[in-house]
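Novice: Sharing model.cif here; it has mmCIF, C-alpha atoms and all ligand atoms.
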data_work
#
loop_
_atom_site.label_atom_id
_atom_site.label_comp_id
_atom_site.auth_asym_id
_atom_site.auth_seq_id
_atom_site.Cartn_x
_atom_site.Cartn_y
_atom_site.Cartn_z
CA MET A 560 -1.09 -31.77 7.44
CA GLN A 561 2.63 -31.04 7.12
CA TRP A 562 4.87 -28.43 8.77
CA SER A 563 5.33 -26.82 5.36
CA GLN A 564 1.58 -26.07 5.33
CA VAL A 565 1.39 -24.83 8.92
CA LEU A 566 4.48 -22.59 8.97
CA PRO A 567 3.38 -20.09 6.29
CA LEU A 568 0.04 -19.61 8.11
CA TRP A 569 1.84 -19.11 11.41
CA HIS A 570 4.24 -16.74 9.68
CA ALA A 571 1.42 -14.69 8.12
CA SER A 572 -0.49 -14.37 11.39
CA TYR A 573 2.72 -13.34 13.19
CA ASN A 574 3.27 -10.56 10.63
CA TRP A 575 -0.40 -9.55 10.84
CA ALA A 576 -0.14 -9.27 14.64
CA MET A 577 2.95 -7.05 14.40
CA CYS A 578 1.29 -4.75 11.87
CA HIS A 579 -1.77 -4.50 14.14
CA ASN A 580 0.09 -3.77 17.36
CA GLU A 581 -2.32 -1.32 19.04
CA GLU A 582 0.48 0.24 21.09
CA LYS A 583 2.55 1.07 18.05
CA TYR A 584 -0.34 1.67 15.63
CA PRO A 585 -3.42 2.98 17.48
CA ASN A 586 -6.63 2.01 15.68
CA PRO A 587 -4.56 -0.21 13.32
CA SER A 588 -7.33 -1.07 10.85
CA GLU A 589 -7.97 2.57 10.02
CA PHE A 590 -6.37 3.90 6.82
CA ASP A 591 -4.23 6.62 8.36
CA PRO A 592 -1.02 7.38 6.43
CA ASP A 593 -0.40 10.28 8.82
CA ARG A 594 0.76 7.73 11.40
CA PHE A 595 4.01 7.59 9.42
CA LEU A 596 4.60 11.35 9.59
CA ASN A 597 6.37 13.33 12.29
CA PRO A 598 4.59 16.45 13.60
CA ASN A 599 6.77 18.57 11.26
CA GLY A 600 5.58 16.60 8.21
CA THR A 601 8.75 14.56 7.63
CA LEU A 602 8.61 10.78 7.40
CA THR A 603 9.15 8.73 10.55
CA ASP A 604 11.83 6.04 10.40
CA ASP A 605 9.17 3.31 10.51
CA THR A 606 9.29 1.50 7.16
CA VAL A 607 7.17 -1.41 8.47
CA SER A 608 10.01 -3.71 7.48
CA VAL A 609 8.22 -6.78 8.90
CA VAL A 610 6.25 -6.98 5.63
CA TRP A 611 9.40 -8.36 3.94
CA GLY A 612 9.85 -11.27 6.35
CA PHE A 613 12.90 -12.08 8.44
CA GLY A 614 16.31 -13.68 8.53
CA ARG A 615 17.51 -15.95 5.76
CA ARG A 616 14.10 -16.07 4.06
CA ILE A 617 13.70 -12.29 3.94
CA CYS A 618 12.35 -11.10 0.57
CA PRO A 619 15.28 -10.57 -1.84
CA GLY A 620 13.07 -8.31 -3.99
CA ARG A 621 12.34 -5.84 -1.19
CA TYR A 622 14.46 -2.99 -2.59
CA LEU A 623 12.96 -3.36 -6.07
CA GLY A 624 9.47 -3.73 -4.58
CA GLU A 625 9.77 -0.66 -2.36
CA ALA A 626 11.40 1.53 -5.05
CA SER A 627 8.77 0.47 -7.62
CA LEU A 628 5.89 1.30 -5.30
CA TRP A 629 7.44 4.63 -4.30
CA SER A 630 8.02 5.56 -7.94
CA ALA A 631 4.49 4.52 -9.00
CA MET A 632 2.90 6.48 -6.13
CA ALA A 633 5.04 9.56 -6.79
CA CYS A 634 4.14 9.51 -10.52
CA LEU A 635 0.42 9.11 -9.82
CA LEU A 636 0.38 11.85 -7.19
CA ALA A 637 2.36 14.20 -9.43
CA VAL A 638 -0.15 13.90 -12.28
CA PHE A 639 -3.50 13.24 -10.58
CA LYS A 640 -5.47 14.62 -7.70
CA PHE A 641 -7.18 11.90 -5.66
CA SER A 642 -10.19 13.00 -3.67
CA LYS A 643 -13.48 11.85 -2.22
CA THR A 644 -16.54 11.91 -4.48
CA LYS A 645 -19.25 14.46 -3.75
CA ASP A 646 -23.01 14.04 -3.47
CA GLU A 647 -25.53 16.23 -5.32
CA THR A 648 -25.32 18.89 -2.57
CA GLY A 649 -21.55 19.09 -2.95
CA ARG A 650 -20.82 17.33 0.34
CA GLU A 651 -17.96 14.80 0.33
CA ASN A 652 -18.91 11.11 0.55
CA GLU A 653 -16.92 9.47 3.32
CA ILE A 654 -14.89 6.40 2.38
CA ASN A 655 -15.56 3.29 4.42
CA PRO A 656 -12.88 0.78 3.37
CA GLN A 657 -14.09 -2.82 3.13
CA TRP A 658 -11.59 -5.67 3.03
CA LYS A 659 -12.01 -9.14 1.63
CA ALA A 660 -10.13 -11.79 3.58
CA GLY A 661 -8.32 -14.66 1.90
CA ILE A 662 -4.68 -15.68 1.68
CA THR A 663 -4.12 -11.94 1.45
CA MET A 664 -6.44 -9.08 2.47
CA ARG A 665 -7.87 -7.27 -0.55
CA LEU A 666 -9.40 -3.82 -0.51
CA GLN A 667 -12.82 -3.78 -2.15
CA PRO A 668 -13.54 -1.16 -4.85
CA PHE A 669 -14.82 2.16 -3.55
CA PRO A 670 -15.87 5.40 -5.29
CA CYS A 671 -13.24 8.10 -5.51
CA SER A 672 -12.46 11.00 -7.80
CA ILE A 673 -9.26 10.99 -9.87
CA THR A 674 -8.68 14.17 -11.83
CA PRO A 675 -5.65 15.49 -13.74
CA ARG A 676 -3.83 18.17 -11.74
CA ASN A 677 -3.35 20.16 -14.91
CA GLY A 678 -6.90 20.91 -16.11
CA GLU A 679 -5.59 22.04 -19.49
CA MET A 680 -3.91 18.76 -20.21
CA ASP A 681 -5.65 16.94 -23.05
CA ILE A 682 -6.56 13.30 -22.70
CA ALA A 683 -4.22 12.12 -25.46
CA ALA A 684 -1.26 13.84 -23.77
CA LEU A 685 -2.32 12.32 -20.45
CA GLN A 686 -2.57 8.83 -21.91
CA ASP A 687 0.87 9.32 -23.46
CA LEU A 688 2.27 10.39 -20.09
CA ILE A 689 0.82 7.31 -18.41
CA ARG A 690 2.15 5.06 -21.17
CA VAL A 691 5.73 6.29 -20.76
CA SER A 692 5.49 6.17 -16.95
CA VAL A 693 4.70 2.46 -16.62
C1 LIG S 1 5.47 -5.23 -2.42
C2 LIG S 1 6.21 -6.22 -2.91
C3 LIG S 1 6.67 -7.44 -2.15
C4 LIG S 1 6.34 -7.92 -0.91
C5 LIG S 1 5.36 -7.30 0.10
C6 LIG S 1 7.10 -9.14 -0.69
C7 LIG S 1 7.05 -9.88 0.46
C8 LIG S 1 7.71 -11.08 0.62
C9 LIG S 1 7.64 -11.90 1.81
C10 LIG S 1 6.84 -11.60 3.07
C11 LIG S 1 8.41 -13.00 1.60
C12 LIG S 1 8.61 -14.19 2.55
C13 LIG S 1 9.79 -13.92 3.47
C14 LIG S 1 9.86 -15.03 4.53
O1 LIG S 1 9.58 -16.20 4.24
O2 LIG S 1 10.21 -14.69 5.66
C15 LIG S 1 8.97 -12.88 0.26
C16 LIG S 1 9.80 -13.81 -0.31
C17 LIG S 1 10.34 -13.69 -1.56
N1 LIG S 1 10.23 -12.62 -2.41
FE1 LIG S 1 9.11 -10.97 -2.07
N2 LIG S 1 7.88 -9.37 -1.79
C18 LIG S 1 7.66 -8.37 -2.71
C19 LIG S 1 8.26 -8.19 -3.92
C20 LIG S 1 9.19 -9.07 -4.46
C21 LIG S 1 9.90 -8.84 -5.72
C22 LIG S 1 9.73 -7.57 -6.59
C23 LIG S 1 10.68 -9.92 -5.92
C24 LIG S 1 11.64 -10.23 -7.04
C25 LIG S 1 12.01 -9.37 -7.96
C26 LIG S 1 10.49 -10.83 -4.79
C27 LIG S 1 11.08 -12.05 -4.64
C28 LIG S 1 10.94 -12.88 -3.55
C29 LIG S 1 11.56 -14.21 -3.43
C30 LIG S 1 12.45 -14.91 -4.49
C31 LIG S 1 11.20 -14.72 -2.17
C32 LIG S 1 11.58 -16.07 -1.57
C33 LIG S 1 12.81 -15.90 -0.69
C34 LIG S 1 13.19 -17.22 0.00
O3 LIG S 1 12.28 -17.96 0.40
O4 LIG S 1 14.38 -17.47 0.17
N3 LIG S 1 9.58 -10.26 -3.93
N4 LIG S 1 8.54 -11.71 -0.28
#
What do you get writing this file as structure tokens?
Ligand code: HEM

Specialist:
Amino acid sequence: MQWSQVLPLWHASYNWAMCHNEEKYPNPSEFDPDRFLNPNGTLTDDTVSVVWGFGRRICPGRYLGEASLWSAMACLLAVFKFSKTKDETGRENEINPQWKAGITMRLQPFPCSITPRNGEMDIAALQDLIRVSV
């Protein structure tokens, strides 16, 4: 085994440990976006910048990556409502996220409801909107 094989693993586990710091992120494995909100609803200044790496090897695509994700999320949230599915009695099904470990952690598919915010929007118009957004 060479250093070039060991270092990325060490690097990944170091990043993982920082993102799972219980003191900074209580219950770190729970999906809780509210942890990045101040009590008044504004964003905290925590951008979890460790995900981009450090020093001279820091990701040069971080600004493009972050802006692209922000833009994609904002477009999706503007057009669709994301919610939990409901059972036959109308009660919401809780989501229990399952992750698959590998070189990266991957979220497993889970049921959720995605509906257009504008109920009058026809499907063709919606598809057109999605096409010009991506
Ligand atoms: C969500 C998106 C992205 C994430 C989470 C990410 C994360 C990372 C991380 C952790 C590294 C390793 C830094 C290190 O070794 O310390 C890296 C390197 C790199 N990333 Fe990204 N990246 C993303 C998007 C991009 C994009 C959009 C581009 C280009 C347009 C890009 C180009 C690169 C390059 C060229 C390197 C190698 C830098 C070097 O070793 O000198 N990345 N990225």

Novice: How far is it from atom C19 of ligand LIG 1 (chain S) to atom CA of A:Arg621, in Å with one decimal?

Specialist: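 Computing the Euclidean distance for atom C19 of ligand LIG 1 (chain S) and atom CA of A:Arg621 yields 5.4 Å.
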
Novice: Dump the neighbourhood of ligand LIG 1 (chain S) as a list in words: all residues within 9 Å, distances computed on only C-alpha atoms and all ligand atoms.

Specialist: Pro567, His570, Ala571, Asn574, Val609, Val610, Trp611, Gly612, Phe613, Gly614, Arg615, Arg616, Ile617, Cys618, Pro619, Gly620, Arg621, Tyr622, Leu623, Gly624, Glu625, Ser627 and Leu628 of chain A

Novice: May I ask for the distance between atom CA of A:Ile662 and atom CA of A:Trp575, given in Å to one decimal place?

Specialist: 11.8 Å

Novice: What is the atom CA of A:Gln667 to atom CA of A:Glu647 distance in Å?

Specialist: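 Between these atoms lies a distance of 23.9 Å.
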
Novice: Mind listing as a list in words all residues within 12 Å of (-17.6, 2.0, 7.3), counting all atoms listed in the file?

Specialist: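 The distance filter leaves exactly Ser588, Glu589, Phe590, Asn652, Glu653, Ile654, Asn655, Pro656, Gln657, Trp658 and Phe669 of chain A.
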
Novice: Could you pull the residues within 10 Å of stretch 631-642 of chain A, counting all atoms listed in the file, minus those fewer than 2 positions along the same chain, as a PyMOL selection string?

Specialist: chain A and resi 625-629+644-645+651-652+670-677+685+688-689+692-693

Novice: Return the single residue from A:Val691, A:Ser572, A:Gln686, A:Gly649 that is closest to A:Met664, with distances computed using only C-alpha atoms.

Specialist: A:Ser572

Novice: Complete the atoms of stretch 628-643 of chain A to N, CA and C atoms and put them out as an mmCIF file, keeping the file's coordinate frame.

Specialist:
data_model
loop_
_atom_site.group_PDB
_atom_site.id
_atom_site.type_symbol
_atom_site.label_atom_id
_atom_site.label_comp_id
_atom_site.auth_asym_id
_atom_site.auth_seq_id
_atom_site.Cartn_x
_atom_site.Cartn_y
_atom_site.Cartn_z
ATOM 1 N N LEU A 628 7.107 0.732 -5.875
ATOM 2 C CA LEU A 628 5.890 1.300 -5.300
ATOM 3 C C LEU A 628 6.032 2.804 -5.082
ATOM 4 N N TRP A 629 7.191 3.204 -4.558
ATOM 5 C CA TRP A 629 7.440 4.630 -4.300
ATOM 6 C C TRP A 629 7.350 5.418 -5.615
ATOM 7 N N SER A 630 8.000 4.887 -6.647
ATOM 8 C CA SER A 630 8.020 5.560 -7.940
ATOM 9 C C SER A 630 6.613 5.636 -8.539
ATOM 10 N N ALA A 631 5.848 4.530 -8.444
ATOM 11 C CA ALA A 631 4.490 4.520 -9.000
ATOM 12 C C ALA A 631 3.614 5.536 -8.259
ATOM 13 N N MET A 632 3.707 5.546 -6.929
ATOM 14 C CA MET A 632 2.900 6.480 -6.130
ATOM 15 C C MET A 632 3.271 7.927 -6.449
ATOM 16 N N ALA A 633 4.585 8.198 -6.533
ATOM 17 C CA ALA A 633 5.040 9.560 -6.790
ATOM 18 C C ALA A 633 4.547 10.037 -8.166
ATOM 19 N N CYS A 634 4.595 9.147 -9.176
ATOM 20 C CA CYS A 634 4.140 9.510 -10.520
ATOM 21 C C CYS A 634 2.640 9.791 -10.513
ATOM 22 N N LEU A 635 1.876 8.919 -9.850
ATOM 23 C CA LEU A 635 0.420 9.110 -9.820
ATOM 24 C C LEU A 635 0.047 10.396 -9.099
ATOM 25 N N LEU A 636 0.718 10.646 -7.957
ATOM 26 C CA LEU A 636 0.380 11.850 -7.190
ATOM 27 C C LEU A 636 0.824 13.127 -7.904
ATOM 28 N N ALA A 637 1.891 13.016 -8.709
ATOM 29 C CA ALA A 637 2.360 14.200 -9.430
ATOM 30 C C ALA A 637 1.373 14.605 -10.528
ATOM 31 N N VAL A 638 0.704 13.617 -11.119
ATOM 32 C CA VAL A 638 -0.150 13.900 -12.280
ATOM 33 C C VAL A 638 -1.630 14.032 -11.910
ATOM 34 N N PHE A 639 -2.072 13.256 -10.915
ATOM 35 C CA PHE A 639 -3.500 13.240 -10.580
ATOM 36 C C PHE A 639 -3.777 13.745 -9.180
ATOM 37 N N LYS A 640 -4.979 14.256 -9.026
ATOM 38 C CA LYS A 640 -5.470 14.620 -7.700
ATOM 39 C C LYS A 640 -6.472 13.536 -7.306
ATOM 40 N N PHE A 641 -6.266 12.938 -6.157
ATOM 41 C CA PHE A 641 -7.180 11.900 -5.660
ATOM 42 C C PHE A 641 -8.031 12.514 -4.555
ATOM 43 N N SER A 642 -9.328 12.414 -4.696
ATOM 44 C CA SER A 642 -10.190 13.000 -3.670
ATOM 45 C C SER A 642 -11.462 12.181 -3.500
ATOM 46 N N LYS A 643 -12.214 12.537 -2.454
ATOM 47 C CA LYS A 643 -13.480 11.850 -2.220
ATOM 48 C C LYS A 643 -14.497 12.328 -3.259
#
